[in-house]
Each structure stands twice: as C-alpha cells, then as structure tokens.
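> Following this message is one structure expressed as structure tokens.
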Amino acid sequence: MVLGEDGHGFAHRTDINSVTDAPEVLLLPCLNEPDDAPHEAAHAVTEHVLRTVQDYLTAEQLADTRLVILTQGAVATRPEEDVRDLAAAAVWGLIRTAQNENPDRLLLIDTDGTDASWHALRSAVGTGENQLALRDGAAHTPRLVRPAHESGETPALNPDGTVGETPALDPDGTVLVTGATGTLGTHLTRHLVRVHGARHLLLASRSGPNAPGATELHAELEALGAHVTITACDTADRDALAQVLDAIPDEHPLTAVFHTAGVLDDTTLTSLTPERLHPVLRPKVDAAWHLHTLTQDKNLTAFVLYSSIAGTLGNPGQANYAAANTLARRVRGPGAYAGLARTGAGGVRVRECVRLRRRGRPFPPGTPAR
C-alpha cells in the first residue's frame, strides 16, 4: 500500500490516518524533482517525512506493518555516481537514525527510476535488508569495507597522518574556516598554519571575536606567523556570507574553504519537533549550499566539508544531525566531499570521510592536528 499518489499499480491512501487496516508493507514515496534550492527543499522534505514516520510509529494498528521510504537518486552506489536528489539524501540520514531507534520497522530503498527497478521493488522489500539501492533492477546493499588504493592495497599513512598526495595551500591566498572558534575549528586552524603553511586566515563563527577563547586563538596563530581575521557571521545566511567573502582583499584571494560549523540538539525521533530539526539543518545544509554556490567559480585549492559519520550509519538521538550531515557532504557533486580522518579535541573523536577538491579533481583524505 502506498501513501500518496501512485502510478505503478499499488493500492494507496492519502496519509497514515487514512490507513484503517494493517498492510504488511506501507510505501512512502519521497520522489523529488531536481531543485535549484535543495537546501530549502531539504527542510520541507525532512519535516514531512519526520511527521509521517512519527504518525506511523505511534499508530497501534500498524505495529506489525513495515514502512518503506522510497527515494530516487538520493544515494550513490559508485564513487562516480551523482546524487541527484539532495533533499532526499537528508531523508536517508534521518531514517538511518530512526532505524537504529526502531529496529525492523523501517526500510530505505533508492531507485534509479528504470522500469526494471520498479518491477524489482516488490521482491526487494522481502530481502530482509534495511537499506537498498535498485539500479537497472539489481539490488545493491551498503557494506563497510577497508579502504584500498587503486592498486588494491591498503594505503599507508604519511608521517603527518595523511594518505597519498595532499593539496598545497597557497601562502598568499586566504583560507576560510567556518565554525572556526569551536572545538574542531580551533584544532583545524592550528593544523593549517603549522603543517600546511597557511598565512592568511579568515575565521568565521556566529560569535566571532566574542567567542570564548577567540582572543587567545588569534594571538596564538599570529605568533605562528599567520595574519588572522576573526569575524562574526551566520554562514547559513547567504547575504551575510556573501559580504564576508566580498571583503577578502584582491591581493590575498580566497583559495581554500573549510566548513566545520555545526549544531547539536539531541533527542529521539519520536520527540523531535520541527523547532529542533531546522536549527540543526541550517549550519550544515544551508551553509554548505551557500558556500558551494558562492565559491564554485573560484580557483580553490581545497573545498572541505566536515561531515559526521552519523549521517552514514545513523546514531540514536541524532536524527536531525544525521540528516544535516548526509546532505552537506554531497553538495559539491561526485568526488567533491571530504572527510578528515581523525582528531581528538576536548573529548571529541571524529572519523570522517573527506576529499579535497583541487581544480575539479578529488584528493585522498587528510587529517587535522591530533
């Protein structure tokens, strides 16, 4: 049974409240057309899916019914495959967490829209998997594997913790770091100066120079030989971000972007409200999209988005954060998202999947200071 309109021969209902019987499987289509403002679409789509899933989980008559969330082009099965529906990508992060909190109740299926995949949908539901991608009728399942070089061998770490070649930062260029006065941002800025030779840093955060520790960070980086500007900016506000970028001097043009900003507001999915969803989406989803659109024509050495593994695996109590990170790391297209291998900062342990973009080509993962 399908929630909403259906053109593939399934019985359908308008919403959860109209389902009076107890079907074995209930299908929730989340099929969106490509959008010029995917960050805005992500807010609307994730809220709609959130409300629907909450209604489903609290409907006693559906206790034995499995809900299938169906997307199209929201995940990639190969490194070169593009994610066409960024808004639905956020839904995958949301539902991955919901699956952790509600085992065996929810199934994620992504299709390529081919007739073969539509015909394979019924059988895919019965595989017992929690996540599937259908491509030309073939089912693909996500699995964790050890990363390997093109040669098939596991790559060795360089002395500084990086893998393979890393991009060299232009000492005359400006490096923008968002969320720069937070825990991850401060460790990253030190690493950029000490290891990568950054000499012109533009550090943006919501509190700017008034953030705790900002004065000390400024003095420390200046003592290391860097010219540092700390500014207050809500990077989720496109106009405010554009003003910050426009103020960068021509003699030190923007050459690298590192986006570390993020907000946490943890709660279980059944307790998650729109008021606790959207503020967590903004610094990841909106800010990442604005950074992308405002810098895509610039000759950047690196465009790096910090992204939590919560978006890939789900994490109980963090459905909003998982949704935000799943979309954010895909805004630059195939091979354009990155992950910083690991950092320990104030109790924070991060294992990210990051790539750097240099003249449109991906680079292997690097690592910030530890």
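To be explicit about the labels: the chains of the structure tokens are called A, B, and onward in the order shown, and within each one the residues are counted from 1, while ligands get numbers from 1 in the order they are shown.
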Counting only C-alpha atoms, what is within 9 Å of A:Ala37, bar same-chain residues fewer than 4 positions away, as a list in words?

Ala41, Ala42 and Trp289 of chain A

> Running DSSP on the backbone, which parts of stretch 107-298 of chain A land in strand (DSSP E), as a ChimeraX atom specification?

/A:107-111,131-135,138-140,174-178,200-205,227-232,254-259

> Would you mind telling me which residue in A:His259, A:Arg143, A:His278, A:Arg194 lies nearest to A:His290 when using only C-alpha atoms?

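When distances to A:His290 are compared using only C-alpha atoms, the smallest one comes from A:His259.
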
> I need the residues of stretch 91-304 of chain A that end up classed as alpha helix (DSSP H) by DSSP on the backbone, written out as an MDAnalysis selection string.

chainID A and resid 91:101 115:119 121:125 183:194 214:223 238:246 274:281 287:295

> How would the residues just chosen look if you wrote them out with C-alpha atoms as an mmCIF file, in the first residue's frame?


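Output (again.cif):
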```
data_model
loop_
_atom_site.group_PDB
_atom_site.id
_atom_site.type_symbol
_atom_site.label_atom_id
_atom_site.label_comp_id
_atom_site.auth_asym_id
_atom_site.auth_seq_id
_atom_site.Cartn_x
_atom_site.Cartn_y
_atom_site.Cartn_z
ATOM 1 C CA VAL A 91 15.946 11.864 4.481
ATOM 2 C CA TRP A 92 18.334 8.897 4.363
ATOM 3 C CA GLY A 93 20.303 10.329 7.288
ATOM 4 C CA LEU A 94 17.095 10.944 9.217
ATOM 5 C CA ILE A 95 15.776 7.418 8.652
ATOM 6 C CA ARG A 96 19.110 5.685 9.303
ATOM 7 C CA THR A 97 18.883 7.032 12.835
ATOM 8 C CA ALA A 98 15.200 6.084 13.053
ATOM 9 C CA GLN A 99 16.193 2.534 12.088
ATOM 10 C CA ASN A 100 18.660 2.393 14.988
ATOM 11 C CA GLU A 101 15.957 3.547 17.381
ATOM 12 C CA ASP A 115 11.191 0.053 -15.314
ATOM 13 C CA ALA A 116 13.443 -2.833 -14.249
ATOM 14 C CA SER A 117 13.924 -1.270 -10.818
ATOM 15 C CA TRP A 118 10.206 -0.619 -10.385
ATOM 16 C CA HIS A 119 9.498 -4.260 -11.231
ATOM 17 C CA LEU A 121 10.621 -3.248 -5.898
ATOM 18 C CA ARG A 122 8.262 -5.914 -4.579
ATOM 19 C CA SER A 123 10.997 -8.541 -4.283
ATOM 20 C CA ALA A 124 13.441 -6.009 -2.789
ATOM 21 C CA VAL A 125 11.107 -5.445 0.145
ATOM 22 C CA THR A 183 36.464 22.742 19.136
ATOM 23 C CA LEU A 184 37.094 21.296 15.671
ATOM 24 C CA GLY A 185 37.707 24.690 14.103
ATOM 25 C CA THR A 186 40.409 25.736 16.544
ATOM 26 C CA HIS A 187 42.317 22.487 16.119
ATOM 27 C CA LEU A 188 41.997 22.750 12.345
ATOM 28 C CA THR A 189 43.283 26.331 12.184
ATOM 29 C CA ARG A 190 46.387 25.421 14.185
ATOM 30 C CA HIS A 191 46.986 22.475 11.866
ATOM 31 C CA LEU A 192 46.588 24.606 8.731
ATOM 32 C CA VAL A 193 49.183 27.069 9.976
ATOM 33 C CA ARG A 194 51.681 24.633 11.472
ATOM 34 C CA ALA A 214 38.844 33.672 20.314
ATOM 35 C CA THR A 215 41.316 36.282 21.580
ATOM 36 C CA GLU A 216 43.778 33.608 22.684
ATOM 37 C CA LEU A 217 43.418 31.739 19.382
ATOM 38 C CA HIS A 218 44.068 34.931 17.416
ATOM 39 C CA ALA A 219 47.230 35.664 19.430
ATOM 40 C CA GLU A 220 48.466 32.063 19.104
ATOM 41 C CA LEU A 221 48.053 31.954 15.328
ATOM 42 C CA GLU A 222 49.610 35.390 14.865
ATOM 43 C CA ALA A 223 52.601 34.234 16.917
ATOM 44 C CA ARG A 238 23.598 33.805 2.243
ATOM 45 C CA ASP A 239 23.746 37.611 2.234
ATOM 46 C CA ALA A 240 25.889 37.728 5.366
ATOM 47 C CA LEU A 241 28.260 35.123 3.948
ATOM 48 C CA ALA A 242 28.490 36.967 0.633
ATOM 49 C CA GLN A 243 29.503 40.150 2.467
ATOM 50 C CA VAL A 244 32.299 38.312 4.265
ATOM 51 C CA LEU A 245 33.591 36.817 1.014
ATOM 52 C CA ASP A 246 33.376 40.150 -0.821
ATOM 53 C CA PRO A 274 10.339 20.963 13.613
ATOM 54 C CA GLU A 275 11.664 23.545 16.059
ATOM 55 C CA ARG A 276 14.522 21.175 16.902
ATOM 56 C CA LEU A 277 15.012 19.919 13.333
ATOM 57 C CA HIS A 278 15.534 23.073 11.293
ATOM 58 C CA PRO A 279 18.123 24.845 13.519
ATOM 59 C CA VAL A 280 20.347 21.753 13.242
ATOM 60 C CA LEU A 281 19.916 21.574 9.455
ATOM 61 C CA ALA A 287 25.656 26.978 4.948
ATOM 62 C CA ALA A 288 27.224 24.250 2.806
ATOM 63 C CA TRP A 289 24.966 25.118 -0.124
ATOM 64 C CA HIS A 290 25.743 28.836 0.154
ATOM 65 C CA LEU A 291 29.466 28.156 0.371
ATOM 66 C CA HIS A 292 29.168 25.989 -2.734
ATOM 67 C CA THR A 293 27.226 28.471 -4.850
ATOM 68 C CA LEU A 294 29.289 31.484 -3.758
ATOM 69 C CA THR A 295 32.674 29.836 -4.409
#
```

> Excluding A:His200 and any residue of its chain fewer than 5 positions from it, enumerate the residues within 6 Å of it, using only C-alpha atoms, and give them as a compact mmCIF listing (two decimals) with N, CA and C atoms, in the first residue's frame.


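Written file, result.txt:
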```txt
# COMPACT_ATOMS: atom_id res chain seq x y z
N THR A 174 43.85 33.40 0.83
CA THR A 174 43.08 33.41 2.06
C THR A 174 42.38 32.07 2.25
N ALA A 226 50.94 33.81 11.12
CA ALA A 226 49.78 33.97 10.26
C ALA A 226 49.09 35.30 10.50
N HIS A 227 48.49 35.84 9.44
CA HIS A 227 47.63 37.02 9.57
C HIS A 227 46.21 36.50 9.73
```

> Go through A:Gly128, A:Gly179, A:Pro249, A:Pro38 one by one, measure the shortest atom-to-atom distance of each to A:Asp85 using only C-alpha atoms, and give the residue with the smallest value.

A:Pro38

> When distances are computed from only C-alpha atoms, which of A:Ala310, A:Thr273, A:Pro79, A:Pro209 shows the smallest separation from A:Val49?

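Nearest to A:Val49: A:Thr273.
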
> Would you please work out which residue, of A:Leu264, A:Val331, A:Ala324, A:Leu169, is nearest to A:Ala90 when using only C-alpha atoms?

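Among the listed residues, the smallest separation from A:Ala90 belongs to A:Ala324.
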
> Which distance in Å separates atom CA of A:Val195 and atom CA of A:Asp170, to one decimal?

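Those two atoms sit 12.8 Å apart.
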
> Using Å and a single decimal, report how far atom CA of A:Arg282 sits from atom CA of A:Val53.

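According to the coordinates, atom CA of A:Val53 and atom CA of A:Arg282 are separated by 21.7 Å.
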
> Give me, as a VMD selection string, all polymer residues having an atom no more than 10 Å from A:Leu134, counting only C-alpha atoms and skipping those fewer than 5 positions away in the same chain.

chain A and resid 72 to 73 77 109 to 114 116 to 118 120 to 121 124 139 to 141

> Write to file, as a short mmCIF file (atom, residue, chain, number, x, y, z; two decimals), in the first residue's frame, the residues of the selection just made, with all heavy atoms.


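Now in selection_14.cif:
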```cif
data_model
loop_
_atom_site.label_atom_id
_atom_site.label_comp_id
_atom_site.auth_asym_id
_atom_site.auth_seq_id
_atom_site.Cartn_x
_atom_site.Cartn_y
_atom_site.Cartn_z
N GLN A 72 14.57 8.44 -5.02
CA GLN A 72 15.14 8.24 -6.36
C GLN A 72 16.33 9.17 -6.54
O GLN A 72 16.19 10.39 -6.53
CB GLN A 72 14.09 8.52 -7.44
CG GLN A 72 14.57 8.24 -8.86
CD GLN A 72 13.43 8.30 -9.87
OE1 GLN A 72 12.38 7.70 -9.66
NE2 GLN A 72 13.63 9.03 -10.95
N GLY A 73 17.53 8.59 -6.64
CA GLY A 73 18.74 9.38 -6.81
C GLY A 73 19.21 10.06 -5.55
O GLY A 73 19.84 11.10 -5.60
N THR A 77 25.81 4.49 -5.58
CA THR A 77 26.32 3.12 -5.43
C THR A 77 27.75 2.99 -5.92
O THR A 77 28.38 1.96 -5.70
CB THR A 77 25.43 2.13 -6.20
OG1 THR A 77 25.41 2.48 -7.59
CG2 THR A 77 24.00 2.15 -5.65
N ILE A 109 14.74 2.41 0.48
CA ILE A 109 15.04 1.92 -0.86
C ILE A 109 15.20 3.12 -1.79
O ILE A 109 14.36 4.01 -1.83
CB ILE A 109 13.93 1.00 -1.41
CG1 ILE A 109 13.79 -0.25 -0.55
CG2 ILE A 109 14.22 0.61 -2.85
CD1 ILE A 109 12.73 -1.22 -1.05
N ASP A 110 16.29 3.13 -2.53
CA ASP A 110 16.53 4.17 -3.53
C ASP A 110 16.50 3.53 -4.91
O ASP A 110 17.09 2.47 -5.12
CB ASP A 110 17.89 4.84 -3.31
CG ASP A 110 18.09 6.05 -4.21
OD1 ASP A 110 17.49 7.10 -3.92
OD2 ASP A 110 18.83 5.93 -5.21
N THR A 111 15.81 4.15 -5.85
CA THR A 111 15.69 3.60 -7.19
C THR A 111 16.27 4.56 -8.21
O THR A 111 16.42 5.75 -7.94
CB THR A 111 14.21 3.32 -7.53
OG1 THR A 111 14.10 2.83 -8.86
CG2 THR A 111 13.38 4.59 -7.40
N ASP A 112 16.59 4.02 -9.38
CA ASP A 112 17.07 4.87 -10.47
C ASP A 112 15.95 5.25 -11.43
O ASP A 112 16.18 5.92 -12.43
CB ASP A 112 18.20 4.16 -11.25
CG ASP A 112 17.77 2.80 -11.78
OD1 ASP A 112 16.60 2.40 -11.57
OD2 ASP A 112 18.62 2.11 -12.39
N GLY A 113 14.74 4.82 -11.13
CA GLY A 113 13.60 5.20 -11.95
C GLY A 113 13.37 4.34 -13.18
O GLY A 113 12.42 4.58 -13.94
N THR A 114 14.20 3.34 -13.41
CA THR A 114 14.02 2.48 -14.59
C THR A 114 12.86 1.50 -14.34
O THR A 114 12.52 1.19 -13.20
CB THR A 114 15.29 1.68 -14.89
OG1 THR A 114 15.59 0.83 -13.77
CG2 THR A 114 16.48 2.62 -15.13
N ALA A 116 12.91 -1.62 -14.88
CA ALA A 116 13.44 -2.83 -14.25
C ALA A 116 13.49 -2.68 -12.73
O ALA A 116 13.19 -3.62 -11.98
CB ALA A 116 14.83 -3.14 -14.79
N SER A 117 13.84 -1.49 -12.26
CA SER A 117 13.92 -1.27 -10.82
C SER A 117 12.53 -1.22 -10.19
O SER A 117 12.32 -1.71 -9.07
CB SER A 117 14.70 0.02 -10.53
OG SER A 117 16.06 -0.13 -10.89
N TRP A 118 11.57 -0.63 -10.90
CA TRP A 118 10.21 -0.62 -10.39
C TRP A 118 9.66 -2.04 -10.28
O TRP A 118 8.99 -2.40 -9.32
CB TRP A 118 9.30 0.23 -11.27
CG TRP A 118 9.43 1.70 -11.02
CD1 TRP A 118 9.98 2.64 -11.84
CD2 TRP A 118 9.00 2.40 -9.85
NE1 TRP A 118 9.93 3.89 -11.24
CE2 TRP A 118 9.34 3.77 -10.03
CE3 TRP A 118 8.38 2.01 -8.66
CZ2 TRP A 118 9.06 4.73 -9.06
CZ3 TRP A 118 8.09 2.98 -7.69
CH2 TRP A 118 8.44 4.32 -7.91
N ALA A 120 11.39 -4.63 -9.73
CA ALA A 120 12.15 -5.33 -8.69
C ALA A 120 11.77 -4.87 -7.29
O ALA A 120 12.24 -5.45 -6.29
CB ALA A 120 13.65 -5.13 -8.91
N LEU A 121 10.92 -3.85 -7.20
CA LEU A 121 10.62 -3.25 -5.90
C LEU A 121 9.95 -4.23 -4.95
O LEU A 121 10.31 -4.31 -3.77
CB LEU A 121 9.74 -2.01 -6.10
CG LEU A 121 9.41 -1.19 -4.86
CD1 LEU A 121 10.68 -0.71 -4.17
CD2 LEU A 121 8.53 0.00 -5.23
N ALA A 124 12.43 -6.66 -3.62
CA ALA A 124 13.44 -6.01 -2.79
C ALA A 124 12.96 -5.85 -1.35
O ALA A 124 13.74 -5.97 -0.40
CB ALA A 124 13.79 -4.64 -3.38
N ALA A 139 19.72 -5.17 -7.01
CA ALA A 139 19.73 -4.61 -5.66
C ALA A 139 21.15 -4.47 -5.13
O ALA A 139 21.94 -5.42 -5.21
CB ALA A 139 18.91 -5.49 -4.72
N HIS A 140 21.46 -3.31 -4.61
CA HIS A 140 22.77 -3.03 -4.00
C HIS A 140 22.56 -2.75 -2.52
O HIS A 140 21.64 -2.02 -2.15
CB HIS A 140 23.44 -1.83 -4.68
CG HIS A 140 23.68 -2.01 -6.14
ND1 HIS A 140 24.91 -2.34 -6.66
CD2 HIS A 140 22.84 -1.92 -7.20
CE1 HIS A 140 24.84 -2.44 -7.97
NE2 HIS A 140 23.59 -2.18 -8.33
N THR A 141 23.43 -3.30 -1.69
CA THR A 141 23.33 -3.11 -0.25
C THR A 141 24.59 -2.43 0.27
O THR A 141 25.69 -2.71 -0.22
CB THR A 141 23.14 -4.45 0.48
OG1 THR A 141 24.25 -5.30 0.17
CG2 THR A 141 21.85 -5.11 0.07
#
```

> Separation of atom CA of A:Gln131 and atom CA of A:Asp64, in Å?

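That distance, rounded to one decimal, is 18.8 Å.
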
> From the options A:Glu40, A:Glu80, A:Asp104, A:Glu251, which residue's atoms come nearest to A:Val25, counting only C-alpha atoms?

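Closest candidate: A:Asp104.
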
> Which residues are close to A:Ala168, i.e. within 9 Å by only C-alpha atoms, leaving aside same-chain residues fewer than 6 positions away? Reply as number ranges by chain.

A: 196-197, 301-302
